[in-house]
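Below is the file target_35.txt, which contains compact mmCIF, C-alpha atoms.
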```
# COMPACT_ATOMS: atom_id res chain seq x y z
CA MET A 1374 5.17 -5.40 -28.46
CA TYR A 1375 6.64 -6.48 -25.13
CA LEU A 1376 9.42 -3.97 -24.54
CA ASP A 1377 7.24 -1.07 -25.60
CA ARG A 1378 4.53 -2.21 -23.18
CA ILE A 1379 7.03 -2.76 -20.37
CA ARG A 1380 8.48 0.73 -20.74
CA GLU A 1381 5.03 2.27 -20.91
CA LYS A 1382 3.53 0.41 -17.93
CA LYS A 1383 6.71 0.09 -15.80
CA PRO A 1384 5.40 -2.92 -13.84
CA LEU A 1385 6.73 -3.60 -10.36
CA ILE A 1386 8.52 -6.96 -10.21
CA HIS A 1387 8.56 -8.37 -6.69
CA HIS A 1388 11.57 -10.63 -6.10
CA ILE A 1389 12.01 -13.00 -3.19
CA THR A 1390 15.40 -14.11 -4.32
CA ASN A 1391 18.89 -15.10 -3.34
CA TYR A 1392 21.47 -12.59 -2.14
CA VAL A 1393 24.01 -13.65 -4.77
CA VAL A 1394 21.95 -12.21 -7.64
CA ALA A 1395 19.76 -9.53 -6.06
CA ASN A 1396 21.83 -6.67 -7.48
CA GLU A 1397 22.08 -8.25 -10.94
CA THR A 1398 18.39 -8.96 -11.28
CA ALA A 1399 17.38 -5.57 -9.90
CA ASN A 1400 19.61 -3.77 -12.38
CA LEU A 1401 18.36 -5.86 -15.31
CA THR A 1402 14.75 -5.20 -14.31
CA LEU A 1403 15.46 -1.48 -14.41
CA ALA A 1404 17.35 -1.71 -17.70
CA LEU A 1405 14.35 -3.35 -19.34
CA GLY A 1406 12.06 -0.58 -18.13
CA ALA A 1407 10.34 -2.27 -15.18
CA LEU A 1408 10.70 -1.56 -11.46
CA PRO A 1409 12.34 -4.02 -9.03
CA VAL A 1410 11.67 -4.61 -5.37
CA MET A 1411 13.58 -7.16 -3.31
CA SER A 1412 11.43 -7.91 -0.27
CA HIS A 1413 11.15 -11.07 1.81
CA ALA A 1414 9.92 -9.72 5.15
CA LYS A 1415 6.83 -11.69 6.11
CA PRO A 1416 4.95 -8.69 7.55
CA GLU A 1417 5.02 -6.92 4.17
CA VAL A 1418 5.24 -9.48 1.36
CA GLU A 1419 1.48 -9.81 0.87
CA GLU A 1420 1.06 -6.04 0.70
CA MET A 1421 4.08 -5.68 -1.57
CA VAL A 1422 3.03 -8.34 -4.05
CA SER A 1423 -0.42 -6.73 -4.24
CA MET A 1424 1.25 -3.82 -6.04
CA ALA A 1425 3.30 -5.99 -8.37
CA GLY A 1426 2.92 -7.07 -11.98
CA ALA A 1427 4.78 -10.33 -11.34
CA LEU A 1428 6.42 -12.27 -8.51
CA VAL A 1429 9.79 -14.04 -8.75
CA LEU A 1430 10.54 -16.89 -6.32
CA ASN A 1431 14.22 -17.89 -6.48
CA ILE A 1432 15.47 -20.58 -4.09
CA GLY A 1433 19.21 -19.98 -4.60
CA THR A 1434 20.01 -19.14 -0.96
CA LEU A 1435 17.30 -20.86 1.01
CA ASP A 1436 16.30 -20.56 4.63
CA GLU A 1437 13.09 -21.42 6.47
CA TYR A 1438 12.06 -17.78 6.93
CA GLN A 1439 12.37 -17.10 3.21
CA VAL A 1440 10.31 -20.16 2.31
CA LYS A 1441 7.47 -19.00 4.57
CA ALA A 1442 7.62 -15.57 2.95
CA MET A 1443 7.47 -17.19 -0.51
CA LEU A 1444 4.37 -19.14 0.46
CA LEU A 1445 2.63 -16.03 1.80
CA ALA A 1446 3.50 -13.93 -1.26
CA GLY A 1447 2.74 -16.70 -3.72
CA LYS A 1448 -0.71 -17.41 -2.32
CA LYS A 1449 -1.53 -13.70 -2.32
CA ALA A 1450 -0.35 -13.41 -5.92
CA ASN A 1451 -2.64 -16.30 -6.85
CA GLU A 1452 -5.60 -14.58 -5.18
CA LEU A 1453 -4.97 -11.46 -7.25
CA GLY A 1454 -4.13 -13.15 -10.55
CA ILE A 1455 -0.51 -11.98 -10.52
CA PRO A 1456 1.87 -14.32 -12.41
CA VAL A 1457 4.41 -16.21 -10.31
CA VAL A 1458 7.74 -17.24 -11.84
CA LEU A 1459 9.71 -19.96 -10.01
CA ASP A 1460 13.46 -20.46 -10.35
CA PRO A 1461 14.33 -23.83 -8.73
CA VAL A 1462 18.03 -23.06 -8.32
CA GLY A 1463 20.09 -26.14 -7.51
CA VAL A 1464 17.17 -28.54 -7.25
CA GLY A 1465 18.66 -31.99 -6.74
CA ALA A 1466 21.75 -30.70 -4.93
CA THR A 1467 20.10 -31.45 -1.57
CA SER A 1468 16.83 -32.98 -0.49
CA TYR A 1469 15.94 -29.66 1.18
CA ARG A 1470 16.07 -27.80 -2.13
CA THR A 1471 14.10 -30.43 -3.97
CA GLU A 1472 11.45 -30.70 -1.26
CA THR A 1473 11.15 -26.92 -1.04
CA ALA A 1474 10.61 -26.55 -4.78
CA ARG A 1475 7.94 -29.23 -4.68
CA GLN A 1476 6.31 -27.64 -1.64
CA LEU A 1477 6.10 -24.32 -3.48
CA LEU A 1478 4.64 -25.99 -6.56
CA LYS A 1479 2.10 -27.85 -4.44
CA ASN A 1480 0.87 -24.74 -2.66
CA ILE A 1481 1.28 -22.01 -5.30
CA LYS A 1482 -0.01 -21.89 -8.85
CA VAL A 1483 2.99 -20.82 -10.90
CA ALA A 1484 2.78 -19.28 -14.35
CA ILE A 1485 6.35 -20.13 -15.42
CA ILE A 1486 9.08 -22.42 -14.12
CA ARG A 1487 12.47 -21.28 -15.45
CA GLY A 1488 15.49 -23.47 -14.76
CA ASN A 1489 18.44 -25.06 -16.46
CA ARG A 1490 17.95 -28.40 -18.12
CA GLY A 1491 19.29 -30.39 -15.19
CA GLU A 1492 17.01 -28.67 -12.70
CA ILE A 1493 13.99 -29.16 -14.95
CA SER A 1494 14.89 -32.83 -15.48
CA ILE A 1495 15.00 -33.42 -11.73
CA LEU A 1496 11.74 -31.57 -11.06
CA ALA A 1497 10.10 -33.72 -13.74
CA GLY A 1498 11.21 -36.85 -11.89
CA TYR A 1499 14.27 -37.81 -13.92
CA ARG A 1500 17.86 -38.20 -12.81
CA ALA A 1501 20.46 -35.52 -13.54
CA ARG A 1502 23.94 -34.68 -12.26
CA VAL A 1503 24.32 -31.85 -9.78
CA ALA A 1504 27.46 -30.07 -8.54
CA GLY A 1505 26.86 -27.65 -5.66
CA VAL A 1506 23.84 -25.62 -6.73
CA GLU A 1507 24.60 -26.16 -10.42
CA ALA A 1508 22.64 -28.91 -12.13
CA VAL A 1509 25.05 -29.94 -14.87
CA GLY A 1510 23.30 -32.95 -16.37
CA GLU A 1511 20.07 -33.54 -18.21
CA VAL A 1512 18.01 -36.40 -19.52
CA GLU A 1513 18.20 -37.27 -23.20
CA GLN A 1514 14.42 -36.93 -23.53
CA ILE A 1515 14.52 -33.37 -22.22
CA GLU A 1516 11.61 -32.13 -24.32
CA GLU A 1517 9.37 -34.89 -22.97
CA ALA A 1518 10.45 -34.05 -19.42
CA ILE A 1519 9.59 -30.40 -20.00
CA LYS A 1520 6.16 -31.26 -21.42
CA GLU A 1521 5.43 -33.65 -18.54
CA LEU A 1522 6.31 -30.98 -15.98
CA ALA A 1523 4.19 -28.40 -17.79
CA PHE A 1524 1.22 -30.79 -17.86
CA LYS A 1525 1.65 -31.73 -14.20
CA TYR A 1526 1.52 -28.15 -12.94
CA ASN A 1527 -0.52 -26.61 -15.77
CA CYS A 1528 2.13 -23.99 -16.39
CA VAL A 1529 4.83 -22.91 -18.81
CA VAL A 1530 8.21 -24.57 -18.38
CA CYS A 1531 11.35 -22.91 -19.71
CA ALA A 1532 14.56 -24.96 -19.73
CA THR A 1533 17.63 -22.97 -20.65
CA GLY A 1534 20.83 -24.27 -22.19
CA ARG A 1535 22.67 -24.13 -25.50
CA VAL A 1536 19.19 -24.15 -27.02
CA ASP A 1537 16.38 -22.94 -24.77
CA ILE A 1538 13.15 -24.97 -24.79
CA VAL A 1539 9.79 -23.55 -23.72
CA SER A 1540 6.58 -25.57 -23.47
CA ASP A 1541 3.13 -25.33 -21.96
CA GLY A 1542 2.58 -29.05 -22.57
CA LYS A 1543 0.80 -28.44 -25.86
CA ARG A 1544 2.98 -25.89 -27.61
CA THR A 1545 6.77 -26.15 -27.68
CA ALA A 1546 9.42 -23.77 -28.99
CA ARG A 1547 13.20 -23.91 -29.30
CA ILE A 1548 15.17 -20.67 -29.04
CA SER A 1549 18.72 -20.66 -30.39
CA ASN A 1550 19.82 -17.16 -29.39
CA GLY A 1551 22.50 -16.50 -26.80
CA HIS A 1552 26.25 -16.70 -26.28
CA SER A 1553 28.43 -19.16 -24.37
CA LEU A 1554 29.94 -16.33 -22.31
CA LEU A 1555 26.65 -16.07 -20.42
CA ALA A 1556 27.80 -19.19 -18.56
CA ALA A 1557 30.92 -17.34 -17.35
CA VAL A 1558 28.95 -14.71 -15.40
CA THR A 1559 27.27 -15.52 -12.09
CA GLY A 1560 23.53 -15.03 -12.09
CA THR A 1561 22.68 -15.08 -15.79
CA GLY A 1562 20.23 -17.93 -15.24
CA CYS A 1563 18.53 -15.86 -12.56
CA MET A 1564 18.58 -12.90 -14.94
CA ALA A 1565 16.72 -15.05 -17.48
CA THR A 1566 14.10 -15.77 -14.82
CA THR A 1567 13.69 -12.06 -14.18
CA VAL A 1568 13.26 -11.36 -17.91
CA ASN A 1569 10.51 -14.01 -17.96
CA ALA A 1570 8.80 -12.25 -15.06
CA VAL A 1571 9.11 -8.80 -16.64
CA TYR A 1572 7.56 -10.08 -19.87
CA ALA A 1573 4.86 -12.03 -18.01
CA ALA A 1574 3.85 -8.85 -16.17
CA VAL A 1575 2.51 -7.35 -19.41
CA ALA A 1576 1.31 -10.58 -21.07
CA GLU A 1577 -1.86 -12.59 -21.38
CA ASP A 1578 -0.21 -15.65 -22.96
CA TYR A 1579 2.63 -16.79 -20.69
CA PHE A 1580 3.94 -19.30 -23.25
CA GLU A 1581 4.52 -16.59 -25.84
CA ALA A 1582 5.86 -14.26 -23.14
CA SER A 1583 8.46 -16.85 -22.11
CA VAL A 1584 9.47 -17.54 -25.72
CA GLU A 1585 9.90 -13.83 -26.41
CA ALA A 1586 11.71 -13.29 -23.10
CA GLN A 1587 14.24 -16.01 -23.84
CA ALA A 1588 14.78 -14.73 -27.37
CA ALA A 1589 15.32 -11.22 -26.00
CA PHE A 1590 17.76 -12.37 -23.33
CA GLY A 1591 19.64 -14.43 -25.91
CA VAL A 1592 19.89 -11.39 -28.16
CA ILE A 1593 21.16 -9.37 -25.19
CA GLY A 1594 23.92 -11.96 -24.72
CA GLU A 1595 24.87 -11.83 -28.39
CA LEU A 1596 24.99 -8.04 -28.52
CA ALA A 1597 26.86 -7.83 -25.20
CA TYR A 1598 29.55 -10.10 -26.67
CA GLU A 1599 29.74 -8.00 -29.82
CA ARG A 1600 30.26 -4.93 -27.65
CA ALA A 1601 32.59 -6.30 -24.96
CA GLY A 1602 34.33 -9.29 -26.52
CA ALA A 1603 35.49 -12.31 -24.51
CA ASN A 1604 36.01 -10.38 -21.28
CA PRO A 1605 33.58 -11.58 -18.57
CA GLY A 1606 33.68 -8.38 -16.53
CA SER A 1607 33.05 -6.09 -19.48
CA PHE A 1608 30.51 -8.54 -20.85
CA HIS A 1609 28.63 -8.44 -17.54
CA GLN A 1610 28.42 -4.65 -17.68
CA ALA A 1611 27.43 -4.72 -21.36
CA ILE A 1612 24.39 -6.89 -20.55
CA TYR A 1613 22.77 -3.91 -18.78
CA ASP A 1614 23.82 -1.41 -21.45
CA VAL A 1615 22.38 -3.57 -24.22
CA ALA A 1616 19.16 -4.32 -22.31
CA TYR A 1617 18.59 -0.61 -21.71
CA SER A 1618 18.71 0.22 -25.42
CA LEU A 1619 17.14 -3.00 -26.75
CA THR A 1620 14.04 -2.64 -28.91
CA ASP A 1621 11.33 -5.03 -29.99
CA GLU A 1622 12.42 -4.51 -33.60
CA VAL A 1623 15.98 -5.67 -32.86
CA VAL A 1624 14.64 -8.77 -31.12
CA ARG A 1625 12.29 -9.46 -34.04
CA LEU A 1626 15.12 -9.26 -36.57
CA ARG A 1627 17.60 -11.36 -34.58
CA LYS A 1628 15.49 -13.96 -32.79
CA LYS A 1629 15.90 -17.61 -33.76
CA VAL A 1630 12.71 -19.37 -32.71
CA GLU A 1631 11.50 -22.73 -33.99
CA TYR A 1632 8.01 -23.88 -33.06
CA VAL A 1633 7.86 -27.67 -32.72
CA LYS A 1634 4.92 -29.61 -34.07
CA GLY A 1635 3.30 -32.29 -31.91
```

Let me see whether you can do it: turn the structure in this file into C-alpha cells.
Amino acid sequence: MYLDRIREKKPLIHHITNYVVANETANLTLALGALPVMSHAKPEVEEMVSMAGALVLNIGTLDEYQVKAMLLAGKKANELGIPVVLDPVGVGATSYRTETARQLLKNIKVAIIRGNRGEISILAGYRARVAGVEAVGEVEQIEEAIKELAFKYNCVVCATGRVDIVSDGKRTARISNGHSLLAAVTGTGCMATTVNAVYAAVAEDYFEASVEAQAAFGVIGELAYERAGANPGSFHQAIYDVAYSLTDEVVRLRKKVEYVKG
C-alpha cells in the first residue's frame, strides 16, 4: 500500500513552491515518510530533480526567476520519467498567473494538476470568480471541465472542494473525506498537492495515486478535527501529528470514494 511504500522508499520530493507554504509542505512531506527539498536555484534544479521521486510546481508566489527554474526542472523531470505535479494557485486572479500556468502546461508534461474547483474551471477555459489568489467560484458542469482538462493535457486532474473530484478523462472518482476546518488554515490546498506528489512518487497509476492521496488527506483532516476540535491553531498542528501516525489500514477503513461510470 502507499504509506508503507512511502515509508520504505523515502522518496525525495522536490518542491519549487511559494514561500507562504514551504514550511507546511516540507513538514507534511516528512510526516508522511518522504523527504522534502525546497530548491528553486537555476544552477541546481536539474541536478536536484534528478534525485527526486516527484516534482511539485506551485505558482503561489510567482516571479520570473522562479518560472525559469520551473521550466528547467520540469523538462529534466520529463526526460527522466519523474512525475510532475502542478498547483495552479490563483489562476484567473491575474493574466500573469493564467499565462504562466498555461506556459508550464505547454512546455512540461505534468502527471497531476491539483487545484481548487475555481482554478480548475479557469484552466479548462470556463469562467469562475477569483478573489486575490483564491478562486472562489466554479462552473456547474465541473466534472465535464475536469475531464476536458485531463483529456487536453493527457494527465490526471484533481479538483478539491467539499467533495474532491479526480479524473484522467476516462476514469472519474469522487472523494467525500475531509473537514471544513481545512479551509481555515493557510496552505491546506498546497498540502493536498504535496500529498499527491508523495503518493505519485511510489505509484505507477497516477489516477489511483491521486484518489488515494485525496482520501488520505481528507482522513487526516477528519482525525485532526477529532483530536484538536474547532481550534485552527491546534488543528494545524494536529495535521502533522495525524499524518505521522496514519496507516494504510486507517485510510482503507475511513475513505469515502465513489467511482463514477461514464

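The residue that comes closest to Thr1398 (chain A), out of A:Met1411, A:Ala1484, A:Ala1576, A:Ala1466 and on the basis of all atoms listed in the file, is A:Met1411.
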
**Item:** Counting all atoms listed in the file, the residue of A:Val1410, A:Ala1616, A:Val1536, A:Ile1389 that sits nearest Gln1439 (chain A)
**Value:** A:Ile1389

**Prompt:** Using only C-alpha atoms, which of the listed residues (A:Ala1518, A:Ser1423, A:Val1418, A:Thr1567) sits closest to Ala1395 (chain A)?
**Reply:** A:Thr1567

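Non-sequential neighbours of Ala1427 (chain A) (distance at most 10 Å, separation of 2 or more positions within a chain, all atoms listed in the file) are Pro1384, Leu1385, Ile1386, His1387, His1388, Val1422, Ser1423, Met1424, Ala1425, Val1429, Ala1450, Gly1454, Ile1455, Pro1456, Val1457, Val1458, Ala1484, Thr1567, Asn1569, Ala1570, Val1571, Tyr1572, Ala1573, Ala1574 and Val1575 of chain A.
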
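Considering all atoms listed in the file, the residue among A:Ser1553, A:Ala1532, A:Tyr1613, A:Tyr1632 positioned nearest to Leu1405 (chain A) is A:Tyr1613.
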
**Fill in**
Counting only C-alpha atoms, closest pick from A:Met1564, A:Leu1554, A:Ala1474, A:Ala1586 relative to Ala1601 (chain A) is A:Leu1554

Write out as an mmCIF file with C-alpha atoms, in the coordinates of the input which residues come within 12 Å of Glu1437 (chain A) when counting only C-alpha atoms, dropping same-chain ones fewer than 3 positions away.
```cif
data_model
loop_
_atom_site.group_PDB
_atom_site.id
_atom_site.type_symbol
_atom_site.label_atom_id
_atom_site.label_comp_id
_atom_site.auth_asym_id
_atom_site.auth_seq_id
_atom_site.Cartn_x
_atom_site.Cartn_y
_atom_site.Cartn_z
ATOM 1 C CA HIS A 1413 11.150 -11.070 1.810
ATOM 2 C CA LYS A 1415 6.830 -11.690 6.110
ATOM 3 C CA ILE A 1432 15.470 -20.580 -4.090
ATOM 4 C CA THR A 1434 20.010 -19.140 -0.960
ATOM 5 C CA VAL A 1440 10.310 -20.160 2.310
ATOM 6 C CA LYS A 1441 7.470 -19.000 4.570
ATOM 7 C CA ALA A 1442 7.620 -15.570 2.950
ATOM 8 C CA MET A 1443 7.470 -17.190 -0.510
ATOM 9 C CA LEU A 1444 4.370 -19.140 0.460
ATOM 10 C CA TYR A 1469 15.940 -29.660 1.180
ATOM 11 C CA ARG A 1470 16.070 -27.800 -2.130
ATOM 12 C CA THR A 1473 11.150 -26.920 -1.040
#
```

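Surrounding residues of (4.2, -17.3, -25.2) at most 10 Å away are Val1529, Val1539, Ser1540, Asp1541, Arg1544, Thr1545, Ala1546, Tyr1572, Ala1573, Ala1576, Glu1577, Asp1578, Tyr1579, Phe1580, Glu1581, Ala1582, Ser1583, Val1584, Glu1585 and Ala1586 of chain A (based on only C-alpha atoms).
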
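The space between CA of Pro1461 (chain A) and CA of Arg1627 (chain A) spans 28.9 Å.
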
**Message:** For a test of reading the model, state the distance in Å between CA of Ile1486 (chain A) and CA of Asn1431 (chain A), rounded to one decimal.
**Reply:** 10.3 Å

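The nearest approach to Met1374 (chain A) among the residues A:Asn1391, A:Thr1620, A:Ser1549, A:Asn1604, with only C-alpha atoms taken into account, belongs to A:Thr1620.
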
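Between CA of Val1630 (chain A) and CA of Leu1459 (chain A) the separation is 22.9 Å.
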
Which residues, written as a PDB file with C-alpha atoms, in the frame of the given file, have at least one atom at most 12 Å from Glu1595 (chain A), with all atoms listed in the file counted and residues fewer than 4 positions away on the same chain left out?
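Just written: selection-v1.pdb:
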```pdb
ATOM      1  CA  SER A1549      18.720 -20.660 -30.390  1.00  0.00           C
ATOM      2  CA  ASN A1550      19.820 -17.160 -29.390  1.00  0.00           C
ATOM      3  CA  GLY A1551      22.500 -16.500 -26.800  1.00  0.00           C
ATOM      4  CA  HIS A1552      26.250 -16.700 -26.280  1.00  0.00           C
ATOM      5  CA  SER A1553      28.430 -19.160 -24.370  1.00  0.00           C
ATOM      6  CA  LEU A1554      29.940 -16.330 -22.310  1.00  0.00           C
ATOM      7  CA  LEU A1555      26.650 -16.070 -20.420  1.00  0.00           C
ATOM      8  CA  ALA A1588      14.780 -14.730 -27.370  1.00  0.00           C
ATOM      9  CA  ALA A1589      15.320 -11.220 -26.000  1.00  0.00           C
ATOM     10  CA  PHE A1590      17.760 -12.370 -23.330  1.00  0.00           C
ATOM     11  CA  GLY A1591      19.640 -14.430 -25.910  1.00  0.00           C
ATOM     12  CA  GLU A1599      29.740  -8.000 -29.820  1.00  0.00           C
ATOM     13  CA  ARG A1600      30.260  -4.930 -27.650  1.00  0.00           C
ATOM     14  CA  ALA A1601      32.590  -6.300 -24.960  1.00  0.00           C
ATOM     15  CA  GLY A1602      34.330  -9.290 -26.520  1.00  0.00           C
ATOM     16  CA  ALA A1603      35.490 -12.310 -24.510  1.00  0.00           C
ATOM     17  CA  PHE A1608      30.510  -8.540 -20.850  1.00  0.00           C
ATOM     18  CA  HIS A1609      28.630  -8.440 -17.540  1.00  0.00           C
ATOM     19  CA  ALA A1611      27.430  -4.720 -21.360  1.00  0.00           C
ATOM     20  CA  ILE A1612      24.390  -6.890 -20.550  1.00  0.00           C
ATOM     21  CA  VAL A1615      22.380  -3.570 -24.220  1.00  0.00           C
ATOM     22  CA  ALA A1616      19.160  -4.320 -22.310  1.00  0.00           C
ATOM     23  CA  LEU A1619      17.140  -3.000 -26.750  1.00  0.00           C
ATOM     24  CA  VAL A1623      15.980  -5.670 -32.860  1.00  0.00           C
ATOM     25  CA  VAL A1624      14.640  -8.770 -31.120  1.00  0.00           C
ATOM     26  CA  ARG A1627      17.600 -11.360 -34.580  1.00  0.00           C
ATOM     27  CA  LYS A1628      15.490 -13.960 -32.790  1.00  0.00           C
ATOM     28  CA  LYS A1629      15.900 -17.610 -33.760  1.00  0.00           C
TER      29      LYS A1629
END
```

**Prompt:** Could you list as number ranges by chain every residue that has an atom within 12 Å of (1.9, -26.2, -2.3), using the file's coordinates and counting only C-alpha atoms?
**Reply:** A: 1440-1441, 1443-1445, 1447-1448, 1451, 1472-1483, 1526
